[in-house]
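> Provided herewith is a single structure, encoded as structure tokens, for subsequent inquiry.
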Amino acid sequence: MNDHHEDHGSTPAAWTAVVIITLAFTVGTVALILANWPLFWVGVALVFVGAAVGKVMALMGLGKKPASA
């Protein structure tokens with residue numbers, strides 16, 4: 001039996017990044033529908049914020065642990 005457990009990246013860092021980026025795409029989509037370009041660019045910026053937050057959280061130890069050999 002294989003003792004390797006695949007967690008599919010379910011970590012606080014990953015979930016936080018996904019939630020922020022999903023909200024960013026929602027903001028951007030609504031902004032496009034309303035033709036509100038400043039709000040659209042806020043949505044674009046939030047995508048990068050979400051990625052950065054996820055990376056920082058992972059570096060703080062809230063991401064997936066490296067596989068042990």
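Chains: A, B, ... in order of the structure tokens. Residues: from 1 per chain. Ligands: from 1, in order shown.
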Would you kindly return, as a short mmCIF file (atom, residue, chain, number, x, y, z; two decimals) with C-alpha atoms, in the first residue's frame, each protein, DNA or RNA residue with an atom no farther than 8 Å from any atom of A:Lys64, considering only C-alpha atoms and excluding same-chain residues fewer than 3 positions away?

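Now in around29.cif:
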```
data_model
loop_
_atom_site.label_atom_id
_atom_site.label_comp_id
_atom_site.auth_asym_id
_atom_site.auth_seq_id
_atom_site.Cartn_x
_atom_site.Cartn_y
_atom_site.Cartn_z
CA GLY A 9 -2.61 21.73 -2.59
CA SER A 10 -5.39 22.37 -0.07
CA THR A 11 -3.53 24.85 2.11
CA ALA A 58 3.48 29.93 1.46
CA GLY A 61 4.85 28.15 6.20
#
```
> Extract, using only C-alpha atoms, all DNA, RNA and protein residues at most 9 Å from stretch 13-19 of chain A, discarding same-chain residues fewer than 6 positions from it, and format them as a list in words.
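Contacts, in chain order: Val47, Val49, Gly50, Ala51, Ala52, Val53, Gly54, Lys55, Val56, Met57, Ala58, Gly61, Leu62, Gly63 and Lys64 of chain A.
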> Okay, now the selection with C-alpha atoms, as a PDB file, in the first residue's frame?

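What follows is the written file out-v2.pdb:
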```pdb
ATOM      1  CA  VAL A  47      -5.099  39.315  -9.466  1.00  0.00           C
ATOM      2  CA  VAL A  49      -2.214  40.965  -5.150  1.00  0.00           C
ATOM      3  CA  GLY A  50      -3.818  37.534  -4.744  1.00  0.00           C
ATOM      4  CA  ALA A  51      -0.816  35.794  -6.271  1.00  0.00           C
ATOM      5  CA  ALA A  52       1.578  37.759  -4.058  1.00  0.00           C
ATOM      6  CA  VAL A  53      -0.455  37.075  -0.904  1.00  0.00           C
ATOM      7  CA  GLY A  54      -0.494  33.360  -1.691  1.00  0.00           C
ATOM      8  CA  LYS A  55       3.273  33.315  -2.243  1.00  0.00           C
ATOM      9  CA  VAL A  56       3.988  35.271   0.952  1.00  0.00           C
ATOM     10  CA  MET A  57       1.729  32.958   2.965  1.00  0.00           C
ATOM     11  CA  ALA A  58       3.482  29.929   1.464  1.00  0.00           C
ATOM     12  CA  GLY A  61       4.854  28.149   6.199  1.00  0.00           C
ATOM     13  CA  LEU A  62       1.158  28.135   5.333  1.00  0.00           C
ATOM     14  CA  GLY A  63       1.675  26.459   1.957  1.00  0.00           C
ATOM     15  CA  LYS A  64       2.377  22.909   0.890  1.00  0.00           C
TER      16      LYS A  64
END
```
> Within 12 Å of A:Val42, counting only C-alpha atoms, which residues show up once you throw out same-chain ones fewer than 2 positions away? Write them as a list of chain:residue names, please.
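Answer for this query is A:Ile21, A:Leu23, A:Ala24, A:Phe25, A:Thr26, A:Val27, A:Gly28, A:Thr29, A:Val30, A:Ala31, A:Leu32, A:Asn36, A:Trp37, A:Pro38, A:Leu39, A:Phe40, A:Val44, A:Ala45, A:Leu46, A:Val47, A:Phe48, A:Val49.
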> Only C-alpha atoms, please: the residues just picked out, written as a PDB file, in the first residue's frame.

```
ATOM      1  CA  ILE A  21      -8.129  35.992  -7.468  1.00  0.00           C
ATOM      2  CA  LEU A  23     -12.970  38.080  -6.394  1.00  0.00           C
ATOM      3  CA  ALA A  24     -10.578  39.964  -8.675  1.00  0.00           C
ATOM      4  CA  PHE A  25     -12.008  38.282 -11.769  1.00  0.00           C
ATOM      5  CA  THR A  26     -15.523  39.016 -10.518  1.00  0.00           C
ATOM      6  CA  VAL A  27     -14.671  42.697 -10.038  1.00  0.00           C
ATOM      7  CA  GLY A  28     -13.068  42.824 -13.481  1.00  0.00           C
ATOM      8  CA  THR A  29     -16.042  41.137 -15.129  1.00  0.00           C
ATOM      9  CA  VAL A  30     -18.569  43.472 -13.514  1.00  0.00           C
ATOM     10  CA  ALA A  31     -16.391  46.432 -14.474  1.00  0.00           C
ATOM     11  CA  LEU A  32     -16.354  45.315 -18.115  1.00  0.00           C
ATOM     12  CA  ASN A  36     -15.987  51.134 -15.784  1.00  0.00           C
ATOM     13  CA  TRP A  37     -12.315  51.083 -16.781  1.00  0.00           C
ATOM     14  CA  PRO A  38     -10.808  52.240 -13.469  1.00  0.00           C
ATOM     15  CA  LEU A  39     -12.647  49.437 -11.673  1.00  0.00           C
ATOM     16  CA  PHE A  40     -11.473  46.983 -14.336  1.00  0.00           C
ATOM     17  CA  VAL A  44      -6.440  43.337 -12.746  1.00  0.00           C
ATOM     18  CA  ALA A  45      -4.304  44.632  -9.874  1.00  0.00           C
ATOM     19  CA  LEU A  46      -6.122  42.358  -7.417  1.00  0.00           C
ATOM     20  CA  VAL A  47      -5.099  39.315  -9.466  1.00  0.00           C
ATOM     21  CA  PHE A  48      -1.463  40.172  -8.799  1.00  0.00           C
ATOM     22  CA  VAL A  49      -2.214  40.965  -5.150  1.00  0.00           C
TER      23      VAL A  49
END
```
> Just asking: which residues within chain A are helix (DSSP H, G or I) according to DSSP, as a ChimeraX atom specification?
/A:12-34,37-62
